[in-house]
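Structure file input_38.cif (mmCIF, C-alpha atoms) follows.
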```cif
data_entry
#
loop_
_atom_site.label_atom_id
_atom_site.label_comp_id
_atom_site.auth_asym_id
_atom_site.auth_seq_id
_atom_site.Cartn_x
_atom_site.Cartn_y
_atom_site.Cartn_z
CA MET A 1 0.00 0.00 0.00
CA THR A 2 2.52 2.54 -1.12
CA ALA A 3 0.18 4.39 -3.42
CA ILE A 4 0.42 8.14 -3.05
CA SER A 5 -2.25 9.81 -5.14
CA TRP A 6 -1.58 12.77 -7.37
CA SER A 7 -3.76 15.10 -5.32
CA GLU A 8 -1.67 14.44 -2.21
CA LEU A 9 1.47 15.05 -4.19
CA PHE A 10 0.22 18.35 -5.61
CA THR A 11 -1.13 19.44 -2.23
CA SER A 12 2.19 18.73 -0.53
CA PHE A 13 4.09 20.52 -3.28
CA PHE A 14 2.00 23.68 -2.99
CA ILE A 15 2.17 23.63 0.83
CA LEU A 16 5.97 23.42 0.67
CA PHE A 17 6.00 26.16 -1.99
CA GLY A 18 4.02 28.48 0.25
CA LEU A 19 6.08 27.53 3.27
CA PHE A 20 9.29 28.53 1.53
CA PHE A 21 7.95 31.99 0.75
CA ILE A 22 6.53 32.52 4.25
CA LEU A 23 9.89 31.64 5.82
CA THR A 24 11.68 33.87 3.31
CA GLY A 25 9.42 36.79 4.22
CA SER A 26 10.03 36.39 7.92
CA LEU A 27 13.77 36.06 7.35
CA GLY A 28 13.71 39.28 5.35
CA LEU A 29 11.80 40.95 8.16
CA LEU A 30 14.51 39.83 10.53
CA ARG A 31 17.60 40.61 8.48
CA PHE A 32 17.01 43.63 6.24
CA PRO A 33 18.64 46.88 7.35
CA ASP A 34 15.85 49.38 6.78
CA VAL A 35 12.16 49.96 7.51
CA TYR A 36 11.38 50.18 3.80
CA SER A 37 13.21 47.00 2.81
CA ARG A 38 11.76 45.25 5.83
CA LEU A 39 8.36 46.36 4.58
CA HIS A 40 9.09 45.04 1.11
CA ALA A 41 10.03 41.54 2.26
CA PRO A 42 6.94 40.18 4.06
CA THR A 43 4.26 41.95 2.08
CA LYS A 44 5.34 40.35 -1.16
CA SER A 45 6.62 36.96 -0.19
CA ALA A 46 4.33 36.15 2.73
CA THR A 47 1.33 37.02 0.58
CA LEU A 48 2.65 34.74 -2.16
CA GLY A 49 3.14 32.01 0.44
CA VAL A 50 -0.44 32.32 1.62
CA ILE A 51 -1.56 32.12 -2.02
CA GLY A 52 0.40 28.86 -2.43
CA ILE A 53 -1.18 27.34 0.69
CA LEU A 54 -4.61 28.44 -0.56
CA ILE A 55 -3.99 26.66 -3.88
CA ALA A 56 -3.07 23.54 -1.91
CA SER A 57 -6.28 23.90 0.06
CA ILE A 58 -8.33 24.27 -3.12
CA ILE A 59 -6.78 21.08 -4.54
CA HIS A 60 -7.09 19.04 -1.35
CA LEU A 61 -10.62 20.04 -0.35
CA GLY A 62 -11.81 19.91 -3.94
CA TYR A 63 -10.52 16.35 -4.23
CA THR A 64 -11.74 15.04 -0.89
CA THR A 65 -15.01 16.89 -0.28
CA GLY A 66 -15.89 18.05 -3.77
CA SER A 67 -16.33 21.72 -2.93
CA TRP A 68 -15.32 24.37 -5.43
CA GLY A 69 -13.41 26.61 -3.09
CA VAL A 70 -15.29 29.89 -3.27
CA LYS A 71 -13.98 31.09 0.10
CA GLU A 72 -10.40 30.27 -0.85
CA ILE A 73 -10.71 32.37 -4.00
CA LEU A 74 -12.30 35.13 -1.90
CA ILE A 75 -9.35 35.15 0.54
CA THR A 76 -6.92 35.09 -2.40
CA VAL A 77 -8.53 38.09 -4.10
CA PHE A 78 -8.75 39.96 -0.82
CA LEU A 79 -5.07 39.39 0.02
CA PHE A 80 -3.98 40.36 -3.49
CA LEU A 81 -5.98 43.57 -3.27
CA THR A 82 -5.14 44.67 0.25
CA ALA A 83 -1.50 43.71 0.80
CA PRO A 84 -0.03 46.33 -1.62
CA VAL A 85 -2.39 49.02 -0.30
CA GLY A 86 -1.44 48.40 3.30
CA ALA A 87 2.27 48.22 2.50
CA HIS A 88 2.12 51.45 0.50
CA MET A 89 0.31 53.34 3.25
CA MET A 90 2.70 52.04 5.88
CA GLY A 91 5.76 53.01 3.84
CA ARG A 92 4.34 56.44 3.16
CA ALA A 93 3.62 56.95 6.85
CA ALA A 94 7.12 55.79 7.76
CA TYR A 95 8.70 58.19 5.27
CA LEU A 96 6.58 61.17 6.22
CA THR A 97 7.20 60.77 9.92
CA GLY A 98 10.94 60.79 9.37
CA VAL A 99 12.08 57.22 9.93
CA PRO A 100 15.71 57.26 8.73
CA LEU A 101 16.83 55.44 5.62
CA SER A 102 19.65 52.93 5.62
CA ASP A 103 23.27 53.88 5.03
CA LYS A 104 23.32 51.84 1.84
CA VAL A 105 20.62 53.92 0.13
CA VAL A 106 22.10 55.60 -2.95
CA THR A 107 19.46 58.17 -3.84
CA ASP A 108 16.35 59.70 -2.29
CA GLU A 109 14.34 61.45 -4.97
CA TYR A 110 11.64 62.62 -2.61
CA ALA A 111 14.04 64.39 -0.26
CA ASN A 112 13.68 67.91 -1.69
CA SER A 113 9.89 68.05 -1.59
CA GLY A 114 9.83 69.43 1.93
CA LYS A 115 6.97 67.23 3.07
CA ARG A 116 9.09 65.06 5.25
CA GLU A 117 10.34 67.58 7.79
CA GLU A 118 6.96 69.27 7.95
CA ALA A 119 5.12 66.13 8.89
CA GLY A 120 8.01 65.01 11.05
CA THR A 121 7.94 68.12 13.18
CA LYS A 122 4.17 68.42 13.26
CA ASP A 123 3.64 65.42 15.44
CA ALA A 124 7.01 64.95 16.99
CA ASP A 125 5.43 63.91 20.27
CA HIS A 126 4.78 60.40 19.01
CA THR A 127 8.34 59.39 19.97
CA LEU A 128 8.92 57.27 16.92
CA GLN A 129 12.56 56.57 17.59
CA SER A 130 12.97 54.53 20.71
CA MET B 131 0.05 9.75 5.18
CA LEU B 132 1.98 12.34 3.24
CA ILE B 133 -0.52 15.11 3.94
CA GLN B 134 -0.24 14.70 7.72
CA VAL B 135 3.57 14.83 7.64
CA VAL B 136 3.62 17.91 5.40
CA THR B 137 0.96 19.77 7.38
CA ASN B 138 2.75 19.08 10.66
CA LEU B 139 5.95 20.40 9.11
CA ALA B 140 4.05 23.44 7.85
CA LEU B 141 2.57 24.17 11.29
CA PHE B 142 6.02 23.98 12.84
CA ALA B 143 7.59 26.25 10.20
CA ILE B 144 4.81 28.82 10.43
CA ALA B 145 5.25 28.87 14.21
CA ILE B 146 8.98 29.54 13.71
CA SER B 147 8.12 32.33 11.28
CA MET B 148 5.72 33.89 13.79
CA LEU B 149 8.42 33.75 16.46
CA ILE B 150 10.77 35.63 14.12
CA CYS B 151 8.06 38.26 13.56
CA LEU B 152 7.51 38.48 17.33
CA TYR B 153 11.23 39.15 17.79
CA ARG B 154 11.06 41.98 15.26
CA LEU B 155 7.92 43.29 16.96
CA ILE B 156 9.72 43.46 20.29
CA ILE B 157 13.06 44.92 19.22
CA GLY B 158 11.83 46.96 16.22
CA PRO B 159 13.53 50.35 16.33
CA SER B 160 10.59 52.40 15.10
CA LEU B 161 6.81 52.17 15.23
CA PRO B 162 6.32 51.26 11.53
CA ASP B 163 8.59 48.26 12.10
CA ARG B 164 6.26 47.01 14.78
CA VAL B 165 3.19 47.60 12.65
CA VAL B 166 4.74 45.66 9.75
CA ALA B 167 5.65 42.83 12.12
CA SER B 168 2.11 42.58 13.48
CA ASP B 169 0.71 42.67 9.94
CA THR B 170 3.02 39.79 9.02
CA ILE B 171 1.87 37.90 12.12
CA SER B 172 -1.75 38.25 10.99
CA THR B 173 -0.81 37.00 7.49
CA ASN B 174 0.91 34.02 9.14
CA ILE B 175 -2.21 33.34 11.22
CA VAL B 176 -4.20 33.18 7.96
CA ALA B 177 -1.73 30.64 6.58
CA LEU B 178 -1.87 28.67 9.85
CA LEU B 179 -5.67 28.43 9.74
CA ILE B 180 -5.63 27.25 6.12
CA VAL B 181 -3.03 24.59 6.92
CA LEU B 182 -5.26 23.46 9.81
CA SER B 183 -8.21 23.23 7.45
CA ILE B 184 -6.13 21.06 5.10
CA LYS B 185 -4.99 18.89 8.03
CA PHE B 186 -8.48 18.23 9.38
CA THR B 187 -10.18 18.31 5.92
CA THR B 188 -12.84 20.78 6.94
CA GLN B 189 -13.99 24.16 5.73
CA ALA B 190 -14.68 25.58 9.18
CA TYR B 191 -11.53 27.71 9.38
CA PHE B 192 -11.96 29.82 6.26
CA ASP B 193 -14.33 32.31 7.85
CA ALA B 194 -11.89 32.93 10.68
CA ALA B 195 -9.06 33.27 8.13
CA LEU B 196 -11.02 35.85 6.15
CA VAL B 197 -11.89 37.84 9.28
CA ILE B 198 -8.27 37.86 10.45
CA ALA B 199 -7.10 38.98 6.99
CA ILE B 200 -9.56 41.88 7.07
CA LEU B 201 -8.51 42.78 10.62
CA GLY B 202 -4.82 42.81 9.70
CA PHE B 203 -5.42 45.11 6.74
CA LEU B 204 -7.60 47.47 8.79
CA THR B 205 -5.00 47.59 11.58
CA SER B 206 -2.24 48.49 9.13
CA VAL B 207 -4.29 51.21 7.43
CA ALA B 208 -5.49 52.68 10.72
CA MET B 209 -1.95 52.82 12.12
CA ALA B 210 -0.71 54.47 8.91
CA LYS B 211 -3.44 57.13 9.14
CA PHE B 212 -2.65 57.66 12.80
CA LEU B 213 1.05 58.11 12.09
CA THR B 214 0.66 60.63 9.26
CA GLY B 215 -2.20 62.78 10.41
CA GLY B 216 -2.79 61.85 13.98
CA SER B 217 -6.49 61.15 13.38
CA VAL B 218 -7.85 57.84 12.14
CA PHE B 219 -11.17 59.24 10.94
CA ASP B 220 -11.28 62.45 8.95
CA ARG B 221 -13.30 65.09 10.72
CA ASP B 222 -14.30 68.36 9.12
#
```
Could the structure of this file be written out as structure tokens, please?
Amino acid sequence: MTAISWSELFTSFFILFGLFFILTGSLGLLRFPDVYSRLHAPTKSATLGVIGILIASIIHLGYTTGSWGVKEILITVFLFLTAPVGAHMMGRAAYLTGVPLSDKVVTDEYANSGKREEAGTKDADHTLQS
Amino acid sequence: MLIQVVTNLALFAIAISMLICLYRLIIGPSLPDRVVASDTISTNIVALLIVLSIKFTTQAYFDAALVIAILGFLTSVAMAKFLTGGSVFDRD
């Protein structure tokens, strides 16, 4: 009884696929030098990892219970829509409140616009830098 | 069974990933770091619930996964609005 069906094989492959990207995102969150690069790492790769696990769930539950996976597709669409929006707003908030960039950053094209110091001094009582 | 081995491995690895995010949430030098770490923790909770639904072959966890995804997004957006303007809701 060594028969492993194709659905188990595909499910395991997509779970491991998603797992790789989730671990990569957390490792990037741990190791990157900057707020902005740390924001880039999990919002791309962890979202892709969740998408991979959702594909595995669609295959497995579609094979065993015969459902069509409407809620999985709903979660997928929702994550694809909201992860870039949240990451963009968080990066914009971090830049406007004056979180410093890394030493390895070559250019900062938004530096001369004057918005950064204004917003940074307006609510300086938030004590962003601990 | 192959599915049980892989889902147990996945639960373990997602727990490790959440511990890494918790470390960043504790030591994070600025407030946006902590918000990004908590957002990543909520994404990992979504993945954890879906792996549990694969492991037990049930659909009961998808509603909780969807609610936690919505809550993570709303937390991130509300913290971004609070950091830039100081007010979450726009008042005239």
- Message: If we count all atoms listed in the file and set the cut-off at 9 Å, which residues sit around segment 37-40 of chain A, ignoring sequence neighbours fewer than 2 positions away in its own chain? Please answer as a PyMOL selection string.
- Response: (chain A and resi 25+28-35+42-45+87+90-91) or (chain B and resi 162-163+166-167)
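Distance annotation: of A:Ala3, A:Thr24, A:Gly86, A:Gly69, the residue with the minimal separation from chain B is A:Gly86; atom set is all atoms listed in the file.
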Would you list which chain A residues are within 7 Å of chain B using all atoms listed in the file, as a PDB file with C-alpha atoms, in the coordinates of the input?
```pdb
ATOM      1  CA  GLU A   8      -1.670  14.440  -2.210  1.00  0.00           C
ATOM      2  CA  SER A  12       2.190  18.730  -0.530  1.00  0.00           C
ATOM      3  CA  LEU A  19       6.080  27.530   3.270  1.00  0.00           C
ATOM      4  CA  LEU A  23       9.890  31.640   5.820  1.00  0.00           C
ATOM      5  CA  SER A  26      10.030  36.390   7.920  1.00  0.00           C
ATOM      6  CA  LEU A  30      14.510  39.830  10.530  1.00  0.00           C
ATOM      7  CA  VAL A  35      12.160  49.960   7.510  1.00  0.00           C
ATOM      8  CA  LEU A  39       8.360  46.360   4.580  1.00  0.00           C
ATOM      9  CA  PRO A  42       6.940  40.180   4.060  1.00  0.00           C
ATOM     10  CA  VAL A  50      -0.440  32.320   1.620  1.00  0.00           C
ATOM     11  CA  ILE A  53      -1.180  27.340   0.690  1.00  0.00           C
ATOM     12  CA  LEU A  54      -4.610  28.440  -0.560  1.00  0.00           C
ATOM     13  CA  SER A  57      -6.280  23.900   0.060  1.00  0.00           C
ATOM     14  CA  HIS A  60      -7.090  19.040  -1.350  1.00  0.00           C
ATOM     15  CA  LEU A  61     -10.620  20.040  -0.350  1.00  0.00           C
ATOM     16  CA  LYS A  71     -13.980  31.090   0.100  1.00  0.00           C
ATOM     17  CA  ILE A  75      -9.350  35.150   0.540  1.00  0.00           C
ATOM     18  CA  THR A  82      -5.140  44.670   0.250  1.00  0.00           C
ATOM     19  CA  GLY A  86      -1.440  48.400   3.300  1.00  0.00           C
ATOM     20  CA  MET A  89       0.310  53.340   3.250  1.00  0.00           C
ATOM     21  CA  MET A  90       2.700  52.040   5.880  1.00  0.00           C
ATOM     22  CA  ALA A  93       3.620  56.950   6.850  1.00  0.00           C
ATOM     23  CA  ALA A  94       7.120  55.790   7.760  1.00  0.00           C
ATOM     24  CA  LEU A  96       6.580  61.170   6.220  1.00  0.00           C
ATOM     25  CA  THR A  97       7.200  60.770   9.920  1.00  0.00           C
ATOM     26  CA  LEU A 128       8.920  57.270  16.920  1.00  0.00           C
ATOM     27  CA  GLN A 129      12.560  56.570  17.590  1.00  0.00           C
ATOM     28  CA  SER A 130      12.970  54.530  20.710  1.00  0.00           C
TER      29      SER A 130
END
```
- Task: Please measure the separation of atom CA of Asp108 of chain A and atom CA of Ala83 of chain A, giving the value in Å to one decimal.
- Result: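 Rounded to one decimal, the two atoms are 24.2 Å apart.
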Step by step, gather every atom of segment 192-205 of chain B that the file lists, find the box along x, y and z that holds them, add 6 Å on each side, and finally give centre and edge lengths in Å to one decimal, as lines of an AutoDock Vina configuration file.
```
center_x = -9.6
center_y = 38.7
center_z = 8.9
size_x = 21.5
size_y = 29.8
size_z = 17.4
```
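Between atom CA of Phe21 of chain A and atom CA of Ala190 of chain B there is a distance of 25.0 Å.
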Complete the atom set of segment 169-191 of chain B to N, CA, C and O atoms and return it as a PDB file, in the frame of the given file.
```
ATOM      1  N   ASP B 169       1.427  42.992  11.176  1.00  0.00           N
ATOM      2  CA  ASP B 169       0.710  42.670   9.940  1.00  0.00           C
ATOM      3  C   ASP B 169       1.184  41.319   9.384  1.00  0.00           C
ATOM      4  O   ASP B 169       0.373  40.499   8.930  1.00  0.00           O
ATOM      5  N   THR B 170       2.490  41.073   9.469  1.00  0.00           N
ATOM      6  CA  THR B 170       3.020  39.790   9.020  1.00  0.00           C
ATOM      7  C   THR B 170       2.542  38.648   9.913  1.00  0.00           C
ATOM      8  O   THR B 170       2.278  37.540   9.442  1.00  0.00           O
ATOM      9  N   ILE B 171       2.399  38.930  11.215  1.00  0.00           N
ATOM     10  CA  ILE B 171       1.870  37.900  12.120  1.00  0.00           C
ATOM     11  C   ILE B 171       0.437  37.559  11.741  1.00  0.00           C
ATOM     12  O   ILE B 171       0.045  36.388  11.737  1.00  0.00           O
ATOM     13  N   SER B 172      -0.364  38.567  11.362  1.00  0.00           N
ATOM     14  CA  SER B 172      -1.750  38.250  10.990  1.00  0.00           C
ATOM     15  C   SER B 172      -1.795  37.468   9.672  1.00  0.00           C
ATOM     16  O   SER B 172      -2.614  36.547   9.526  1.00  0.00           O
ATOM     17  N   THR B 173      -0.892  37.788   8.727  1.00  0.00           N
ATOM     18  CA  THR B 173      -0.810  37.000   7.490  1.00  0.00           C
ATOM     19  C   THR B 173      -0.423  35.546   7.800  1.00  0.00           C
ATOM     20  O   THR B 173      -0.971  34.605   7.217  1.00  0.00           O
ATOM     21  N   ASN B 174       0.504  35.377   8.770  1.00  0.00           N
ATOM     22  CA  ASN B 174       0.910  34.020   9.140  1.00  0.00           C
ATOM     23  C   ASN B 174      -0.214  33.275   9.842  1.00  0.00           C
ATOM     24  O   ASN B 174      -0.313  32.054   9.711  1.00  0.00           O
ATOM     25  N   ILE B 175      -1.069  34.002  10.576  1.00  0.00           N
ATOM     26  CA  ILE B 175      -2.210  33.340  11.220  1.00  0.00           C
ATOM     27  C   ILE B 175      -3.184  32.840  10.150  1.00  0.00           C
ATOM     28  O   ILE B 175      -3.746  31.744  10.272  1.00  0.00           O
ATOM     29  N   VAL B 176      -3.357  33.633   9.069  1.00  0.00           N
ATOM     30  CA  VAL B 176      -4.200  33.180   7.960  1.00  0.00           C
ATOM     31  C   VAL B 176      -3.654  31.889   7.358  1.00  0.00           C
ATOM     32  O   VAL B 176      -4.391  30.906   7.155  1.00  0.00           O
ATOM     33  N   ALA B 177      -2.344  31.857   7.138  1.00  0.00           N
ATOM     34  CA  ALA B 177      -1.730  30.640   6.580  1.00  0.00           C
ATOM     35  C   ALA B 177      -1.877  29.457   7.534  1.00  0.00           C
ATOM     36  O   ALA B 177      -2.137  28.327   7.114  1.00  0.00           O
ATOM     37  N   LEU B 178      -1.746  29.735   8.841  1.00  0.00           N
ATOM     38  CA  LEU B 178      -1.870  28.670   9.850  1.00  0.00           C
ATOM     39  C   LEU B 178      -3.273  28.082   9.851  1.00  0.00           C
ATOM     40  O   LEU B 178      -3.452  26.851   9.913  1.00  0.00           O
ATOM     41  N   LEU B 179      -4.289  28.940   9.741  1.00  0.00           N
ATOM     42  CA  LEU B 179      -5.670  28.430   9.740  1.00  0.00           C
ATOM     43  C   LEU B 179      -5.948  27.618   8.485  1.00  0.00           C
ATOM     44  O   LEU B 179      -6.656  26.599   8.546  1.00  0.00           O
ATOM     45  N   ILE B 180      -5.371  28.016   7.341  1.00  0.00           N
ATOM     46  CA  ILE B 180      -5.630  27.250   6.120  1.00  0.00           C
ATOM     47  C   ILE B 180      -4.922  25.900   6.175  1.00  0.00           C
ATOM     48  O   ILE B 180      -5.472  24.887   5.735  1.00  0.00           O
ATOM     49  N   VAL B 181      -3.712  25.884   6.759  1.00  0.00           N
ATOM     50  CA  VAL B 181      -3.030  24.590   6.920  1.00  0.00           C
ATOM     51  C   VAL B 181      -3.811  23.687   7.870  1.00  0.00           C
ATOM     52  O   VAL B 181      -3.927  22.470   7.640  1.00  0.00           O
ATOM     53  N   LEU B 182      -4.409  24.270   8.911  1.00  0.00           N
ATOM     54  CA  LEU B 182      -5.260  23.460   9.810  1.00  0.00           C
ATOM     55  C   LEU B 182      -6.470  22.920   9.084  1.00  0.00           C
ATOM     56  O   LEU B 182      -6.876  21.774   9.319  1.00  0.00           O
ATOM     57  N   SER B 183      -7.042  23.734   8.189  1.00  0.00           N
ATOM     58  CA  SER B 183      -8.210  23.230   7.450  1.00  0.00           C
ATOM     59  C   SER B 183      -7.822  22.135   6.477  1.00  0.00           C
ATOM     60  O   SER B 183      -8.622  21.237   6.210  1.00  0.00           O
ATOM     61  N   ILE B 184      -6.587  22.165   5.945  1.00  0.00           N
ATOM     62  CA  ILE B 184      -6.130  21.060   5.100  1.00  0.00           C
ATOM     63  C   ILE B 184      -5.908  19.811   5.962  1.00  0.00           C
ATOM     64  O   ILE B 184      -6.276  18.699   5.590  1.00  0.00           O
ATOM     65  N   LYS B 185      -5.334  20.028   7.164  1.00  0.00           N
ATOM     66  CA  LYS B 185      -4.990  18.890   8.030  1.00  0.00           C
ATOM     67  C   LYS B 185      -6.232  18.144   8.503  1.00  0.00           C
ATOM     68  O   LYS B 185      -6.258  16.922   8.512  1.00  0.00           O
ATOM     69  N   PHE B 186      -7.277  18.879   8.870  1.00  0.00           N
ATOM     70  CA  PHE B 186      -8.480  18.230   9.380  1.00  0.00           C
ATOM     71  C   PHE B 186      -9.538  18.013   8.307  1.00  0.00           C
ATOM     72  O   PHE B 186     -10.614  17.510   8.619  1.00  0.00           O
ATOM     73  N   THR B 187      -9.267  18.460   7.057  1.00  0.00           N
ATOM     74  CA  THR B 187     -10.180  18.310   5.920  1.00  0.00           C
ATOM     75  C   THR B 187     -11.569  18.861   6.255  1.00  0.00           C
ATOM     76  O   THR B 187     -12.591  18.194   6.168  1.00  0.00           O
ATOM     77  N   THR B 188     -11.570  20.110   6.658  1.00  0.00           N
ATOM     78  CA  THR B 188     -12.840  20.780   6.940  1.00  0.00           C
ATOM     79  C   THR B 188     -12.782  22.190   6.386  1.00  0.00           C
ATOM     80  O   THR B 188     -11.713  22.707   6.092  1.00  0.00           O
ATOM     81  N   GLN B 189     -13.942  22.789   6.231  1.00  0.00           N
ATOM     82  CA  GLN B 189     -13.990  24.160   5.730  1.00  0.00           C
ATOM     83  C   GLN B 189     -14.281  25.163   6.832  1.00  0.00           C
ATOM     84  O   GLN B 189     -14.579  26.307   6.553  1.00  0.00           O
ATOM     85  N   ALA B 190     -14.202  24.733   8.091  1.00  0.00           N
ATOM     86  CA  ALA B 190     -14.680  25.580   9.180  1.00  0.00           C
ATOM     87  C   ALA B 190     -13.742  26.735   9.488  1.00  0.00           C
ATOM     88  O   ALA B 190     -14.125  27.659  10.183  1.00  0.00           O
ATOM     89  N   TYR B 191     -12.496  26.688   8.986  1.00  0.00           N
ATOM     90  CA  TYR B 191     -11.530  27.710   9.380  1.00  0.00           C
ATOM     91  C   TYR B 191     -11.439  28.868   8.411  1.00  0.00           C
ATOM     92  O   TYR B 191     -10.735  29.828   8.666  1.00  0.00           O
TER      93      TYR B 191
END
```
